[in-house]
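Text of the file input-v8.cif, holding mmCIF, C-alpha atoms and all ligand atoms; chains and numbers go by the auth columns:
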```
data_data
#
loop_
_atom_site.group_PDB
_atom_site.id
_atom_site.type_symbol
_atom_site.label_atom_id
_atom_site.label_comp_id
_atom_site.label_asym_id
_atom_site.label_seq_id
_atom_site.Cartn_x
_atom_site.Cartn_y
_atom_site.Cartn_z
_atom_site.B_iso_or_equiv
_atom_site.auth_seq_id
_atom_site.auth_asym_id
ATOM 1 C CA MET A 1 23.984 152.815 -3.190 0.00 189 A
ATOM 2 C CA VAL A 2 22.245 151.048 -0.316 0.00 190 A
ATOM 3 C CA ARG A 3 23.884 147.679 -0.613 0.00 191 A
ATOM 4 C CA ILE A 4 26.769 148.418 1.701 0.00 192 A
ATOM 5 C CA ASP A 5 26.412 146.574 4.951 0.00 193 A
ATOM 6 C CA VAL A 6 28.256 146.770 8.217 0.00 194 A
ATOM 7 C CA GLU A 7 30.557 143.940 7.309 0.00 195 A
ATOM 8 C CA MET A 8 31.704 145.815 4.255 0.00 196 A
ATOM 9 C CA LYS A 9 32.286 148.936 6.286 0.00 197 A
ATOM 10 C CA LYS A 10 34.516 147.004 8.633 0.00 198 A
ATOM 11 C CA LYS A 11 36.461 145.662 5.720 0.00 199 A
ATOM 12 C CA SER A 12 36.680 148.886 3.764 0.00 200 A
ATOM 13 C CA LEU A 13 40.256 149.528 4.713 0.00 201 A
ATOM 14 C CA GLU A 14 41.300 146.061 3.701 0.00 202 A
ATOM 15 C CA LEU A 15 39.841 146.172 0.240 0.00 203 A
ATOM 16 C CA LYS A 16 43.167 146.912 -1.377 0.00 204 A
ATOM 17 C CA ALA A 17 43.943 143.271 -0.740 0.00 205 A
ATOM 18 C CA VAL A 18 41.327 142.044 -3.172 0.00 206 A
ATOM 19 C CA LEU A 19 42.530 140.797 -6.504 0.00 207 A
ATOM 20 C CA ASP A 20 42.046 142.983 -9.538 0.00 208 A
ATOM 21 C CA SER A 21 39.334 140.736 -10.907 0.00 209 A
ATOM 22 C CA ASP A 22 37.516 140.863 -7.603 0.00 210 A
ATOM 23 C CA LEU A 23 37.907 144.604 -7.566 0.00 211 A
ATOM 24 C CA ASP A 24 36.245 144.896 -10.957 0.00 212 A
ATOM 25 C CA LYS A 25 33.444 142.645 -9.804 0.00 213 A
ATOM 26 C CA MET A 26 32.954 144.569 -6.609 0.00 214 A
ATOM 27 C CA LEU A 27 32.989 147.945 -8.347 0.00 215 A
ATOM 28 C CA ASP A 28 30.577 146.608 -10.925 0.00 216 A
ATOM 29 C CA GLU A 29 28.206 145.346 -8.242 0.00 217 A
ATOM 30 C CA LEU A 30 28.308 148.721 -6.569 0.00 218 A
ATOM 31 C CA GLY A 31 27.609 150.416 -9.879 0.00 219 A
ATOM 32 C CA LEU A 32 30.922 152.213 -9.667 0.00 220 A
ATOM 33 C CA LEU A 33 32.895 150.550 -12.424 0.00 221 A
ATOM 34 C CA GLN A 34 31.228 152.439 -15.248 0.00 222 A
ATOM 35 C CA SER A 35 31.471 155.716 -13.391 0.00 223 A
ATOM 36 C CA MET A 36 35.132 155.126 -12.746 0.00 224 A
ATOM 37 C CA GLU A 37 35.795 154.284 -16.372 0.00 225 A
ATOM 38 C CA ALA A 38 33.885 157.395 -17.386 0.00 226 A
ATOM 39 C CA GLY A 39 36.115 159.471 -15.126 0.00 227 A
ATOM 40 C CA GLU A 40 33.227 160.452 -12.881 0.00 228 A
ATOM 41 C CA ILE A 41 34.711 159.264 -9.608 0.00 229 A
ATOM 42 C CA SER A 42 36.912 161.510 -7.577 0.00 230 A
ATOM 43 C CA CYS A 43 38.805 161.107 -4.347 0.00 231 A
ATOM 44 C CA ALA A 44 36.686 162.097 -1.359 0.00 232 A
ATOM 45 C CA ASN A 45 39.721 163.704 0.184 0.00 233 A
ATOM 46 C CA CYS A 46 41.662 165.540 -2.520 0.00 234 A
ATOM 47 C CA GLY A 47 39.137 165.548 -5.373 0.00 235 A
ATOM 48 C CA ARG A 48 41.547 163.965 -7.833 0.00 236 A
ATOM 49 C CA GLN A 49 39.986 161.762 -10.482 0.00 237 A
ATOM 50 C CA ILE A 50 40.133 158.115 -9.468 0.00 238 A
ATOM 51 C CA THR A 51 40.954 155.393 -11.951 0.00 239 A
ATOM 52 C CA ARG A 52 41.746 151.741 -11.361 0.00 240 A
ATOM 53 C CA ASP A 53 45.395 152.769 -11.313 0.00 241 A
ATOM 54 C CA ASN A 54 45.191 155.116 -8.367 0.00 242 A
ATOM 55 C CA PHE A 55 42.209 153.603 -6.583 0.00 243 A
ATOM 56 C CA TYR A 56 43.149 152.782 -3.047 0.00 244 A
ATOM 57 C CA CYS A 57 40.031 151.951 -1.066 0.00 245 A
ATOM 58 C CA LEU A 58 36.409 152.691 -0.579 0.00 246 A
ATOM 59 C CA TYR A 59 34.548 153.380 2.590 0.00 247 A
ATOM 60 C CA VAL A 60 31.165 154.451 3.826 0.00 248 A
ATOM 61 C CA GLU A 61 30.600 157.783 5.423 0.00 249 A
ATOM 62 C CA GLY A 62 27.205 159.266 6.176 0.00 250 A
ATOM 63 C CA GLY A 63 25.577 156.432 4.244 0.00 251 A
ATOM 64 C CA GLU A 64 27.469 157.290 1.075 0.00 252 A
ATOM 65 C CA ILE A 65 30.147 155.269 -0.641 0.00 253 A
ATOM 66 C CA LYS A 66 33.327 157.252 -0.924 0.00 254 A
ATOM 67 C CA LEU A 67 36.518 156.382 -2.678 0.00 255 A
ATOM 68 C CA CYS A 68 40.030 157.283 -1.788 0.00 256 A
ATOM 69 C CA CYS A 69 43.005 157.637 -4.106 0.00 257 A
ATOM 70 C CA SER A 70 46.427 156.168 -3.445 0.00 258 A
ATOM 71 C CA GLU A 71 48.001 159.363 -2.146 0.00 259 A
ATOM 72 C CA MET A 72 49.394 158.628 1.284 0.00 260 A
ATOM 73 C CA ALA A 73 47.873 161.786 2.731 0.00 261 A
ATOM 74 C CA CYS A 74 44.460 160.695 1.505 0.00 262 A
ATOM 75 C CA TYR A 75 44.396 157.198 2.844 0.00 263 A
ATOM 76 C CA GLU A 76 45.909 158.321 6.105 0.00 264 A
ATOM 77 C CA GLU A 77 43.039 160.778 6.370 0.00 265 A
ATOM 78 C CA VAL A 78 40.523 158.011 5.614 0.00 266 A
ATOM 79 C CA ALA A 79 42.123 155.670 8.122 0.00 267 A
ATOM 80 C CA LYS A 80 41.987 158.391 10.739 0.00 268 A
ATOM 81 C CA ARG A 81 38.284 159.018 10.124 0.00 269 A
ATOM 82 C CA GLN A 82 37.353 155.356 9.912 0.00 270 A
ATOM 83 C CA LEU A 83 39.285 154.275 12.941 0.00 271 A
ATOM 84 C CA GLY A 84 38.175 157.248 14.970 0.00 272 A
HETATM 85 ZN ZN ZN B . 43.139 161.721 -2.819 0.00 1 B
#
```

Just give me the structure of the file as structure tokens.
Amino acid sequence: MVRIDVEMKKKSLELKAVLDSDLDKMLDELGLLQSMEAGEISCANCGRQITRDNFYCLYVEGGEIKLCCSEMACYEEVAKRQLG
């Protein structure tokens, strides 16, 4: 969980643009793919279980990787926090 760098943080809100295959690769590299498939990942905002179907973006807050679901209220909240 320490492999996130500043560049990734800057790009966190743009990650939805990555292709599905890249998403898998990225999640795998972060060690999140298995957790997601096991249903162990939940939205940092609403607590809903996140799957590849409702995954919207990930971001770093307080040194932790957090994921956000595709609910508009959730990613608006993330955007607000990330963009200050
Ligand atoms: Zn959510």

The PyMOL selection byres (((not hetatm)) within 12 of (chain B and resi 1)) on the file shown: which residues, as a PyMOL selection string? chain A and resi 229-239+242-246+254-266

Please report the interatomic distance between atom CA of Lys268 of chain A and atom CA of Asp212 of chain A in Å with one decimal.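 According to the coordinates, atom CA of Lys268 of chain A and atom CA of Asp212 of chain A are separated by 26.2 Å.
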
I'd like the box whose edges run along x, y and z of the file and which contains every listed atom of segment 260-265 of chain A, padded by 6 Å per side; could you state its centre and edge lengths in Å, one decimal, as lines of an AutoDock Vina configuration file?
```
center_x = 46.2
center_y = 159.5
center_z = 3.8
size_x = 18.4
size_y = 16.6
size_z = 17.1
```

Separation of atom CA of Leu220 of chain A and atom CA of Gly250 of chain A, in Å?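 These two atoms are separated by 17.7 Å.
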
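Atom CA of Arg269 of chain A is found 9.1 Å from atom CA of Glu249 of chain A.
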
May I ask you to restore N, CA and C atoms in segment 246-272 of chain A and write the result as an mmCIF file, keeping the file's coordinate frame?
```cif
data_model
loop_
_atom_site.group_PDB
_atom_site.id
_atom_site.type_symbol
_atom_site.label_atom_id
_atom_site.label_comp_id
_atom_site.auth_asym_id
_atom_site.auth_seq_id
_atom_site.Cartn_x
_atom_site.Cartn_y
_atom_site.Cartn_z
ATOM 1 N N LEU A 246 37.677 151.989 -0.723
ATOM 2 C CA LEU A 246 36.409 152.691 -0.579
ATOM 3 C C LEU A 246 35.894 152.500 0.829
ATOM 4 N N TYR A 247 35.068 153.428 1.232
ATOM 5 C CA TYR A 247 34.548 153.380 2.590
ATOM 6 C C TYR A 247 33.180 154.040 2.603
ATOM 7 N N VAL A 248 32.498 153.881 3.713
ATOM 8 C CA VAL A 248 31.165 154.451 3.826
ATOM 9 C C VAL A 248 31.187 155.547 4.874
ATOM 10 N N GLU A 249 30.677 156.682 4.481
ATOM 11 C CA GLU A 249 30.600 157.783 5.423
ATOM 12 C C GLU A 249 29.269 158.492 5.222
ATOM 13 N N GLY A 250 28.508 158.615 6.276
ATOM 14 C CA GLY A 250 27.205 159.266 6.176
ATOM 15 C C GLY A 250 26.274 158.544 5.217
ATOM 16 N N GLY A 251 26.447 157.213 5.106
ATOM 17 C CA GLY A 251 25.577 156.432 4.244
ATOM 18 C C GLY A 251 25.952 156.492 2.774
ATOM 19 N N GLU A 252 27.023 157.202 2.458
ATOM 20 C CA GLU A 252 27.469 157.290 1.075
ATOM 21 C C GLU A 252 28.760 156.513 0.877
ATOM 22 N N ILE A 253 28.884 155.931 -0.304
ATOM 23 C CA ILE A 253 30.147 155.269 -0.641
ATOM 24 C C ILE A 253 31.132 156.328 -1.098
ATOM 25 N N LYS A 254 32.301 156.304 -0.506
ATOM 26 C CA LYS A 254 33.327 157.252 -0.924
ATOM 27 C C LYS A 254 34.578 156.489 -1.292
ATOM 28 N N LEU A 255 35.299 157.043 -2.248
ATOM 29 C CA LEU A 255 36.518 156.382 -2.678
ATOM 30 C C LEU A 255 37.715 157.252 -2.363
ATOM 31 N N CYS A 256 38.806 156.590 -2.157
ATOM 32 C CA CYS A 256 40.030 157.283 -1.788
ATOM 33 C C CYS A 256 41.134 156.918 -2.778
ATOM 34 N N CYS A 257 41.913 157.899 -3.178
ATOM 35 C CA CYS A 257 43.005 157.637 -4.106
ATOM 36 C C CYS A 257 44.222 157.121 -3.342
ATOM 37 N N SER A 258 45.273 156.827 -4.065
ATOM 38 C CA SER A 258 46.427 156.168 -3.445
ATOM 39 C C SER A 258 47.451 157.134 -2.863
ATOM 40 N N GLU A 259 47.107 158.421 -2.812
ATOM 41 C CA GLU A 259 48.001 159.363 -2.146
ATOM 42 C C GLU A 259 48.067 159.016 -0.661
ATOM 43 N N MET A 260 49.260 159.008 -0.123
ATOM 44 C CA MET A 260 49.394 158.628 1.284
ATOM 45 C C MET A 260 48.583 159.552 2.189
ATOM 46 N N ALA A 261 48.604 160.824 1.895
ATOM 47 C CA ALA A 261 47.873 161.786 2.731
ATOM 48 C C ALA A 261 46.378 161.477 2.737
ATOM 49 N N CYS A 262 45.885 160.980 1.606
ATOM 50 C CA CYS A 262 44.460 160.695 1.505
ATOM 51 C C CYS A 262 44.079 159.451 2.288
ATOM 52 N N TYR A 263 44.832 158.377 2.123
ATOM 53 C CA TYR A 263 44.396 157.198 2.844
ATOM 54 C C TYR A 263 44.718 157.262 4.330
ATOM 55 N N GLU A 264 45.685 158.093 4.670
ATOM 56 C CA GLU A 264 45.909 158.321 6.105
ATOM 57 C C GLU A 264 44.722 159.066 6.698
ATOM 58 N N GLU A 265 44.200 160.004 5.925
ATOM 59 C CA GLU A 265 43.039 160.778 6.370
ATOM 60 C C GLU A 265 41.816 159.851 6.528
ATOM 61 N N VAL A 266 41.639 158.958 5.555
ATOM 62 C CA VAL A 266 40.523 158.011 5.614
ATOM 63 C C VAL A 266 40.675 157.079 6.813
ATOM 64 N N ALA A 267 41.875 156.585 7.003
ATOM 65 C CA ALA A 267 42.123 155.670 8.122
ATOM 66 C C ALA A 267 41.822 156.363 9.444
ATOM 67 N N LYS A 268 42.223 157.605 9.528
ATOM 68 C CA LYS A 268 41.987 158.391 10.739
ATOM 69 C C LYS A 268 40.481 158.514 11.008
ATOM 70 N N ARG A 269 39.738 158.850 9.956
ATOM 71 C CA ARG A 269 38.284 159.018 10.124
ATOM 72 C C ARG A 269 37.602 157.693 10.433
ATOM 73 N N GLN A 270 38.012 156.640 9.739
ATOM 74 C CA GLN A 270 37.353 155.356 9.912
ATOM 75 C C GLN A 270 37.666 154.718 11.251
ATOM 76 N N LEU A 271 38.870 154.920 11.702
ATOM 77 C CA LEU A 271 39.285 154.275 12.941
ATOM 78 C C LEU A 271 39.047 155.176 14.149
ATOM 79 N N GLY A 272 38.538 156.341 13.890
ATOM 80 C CA GLY A 272 38.175 157.248 14.970
ATOM 81 C C GLY A 272 39.386 157.996 15.469
#
```
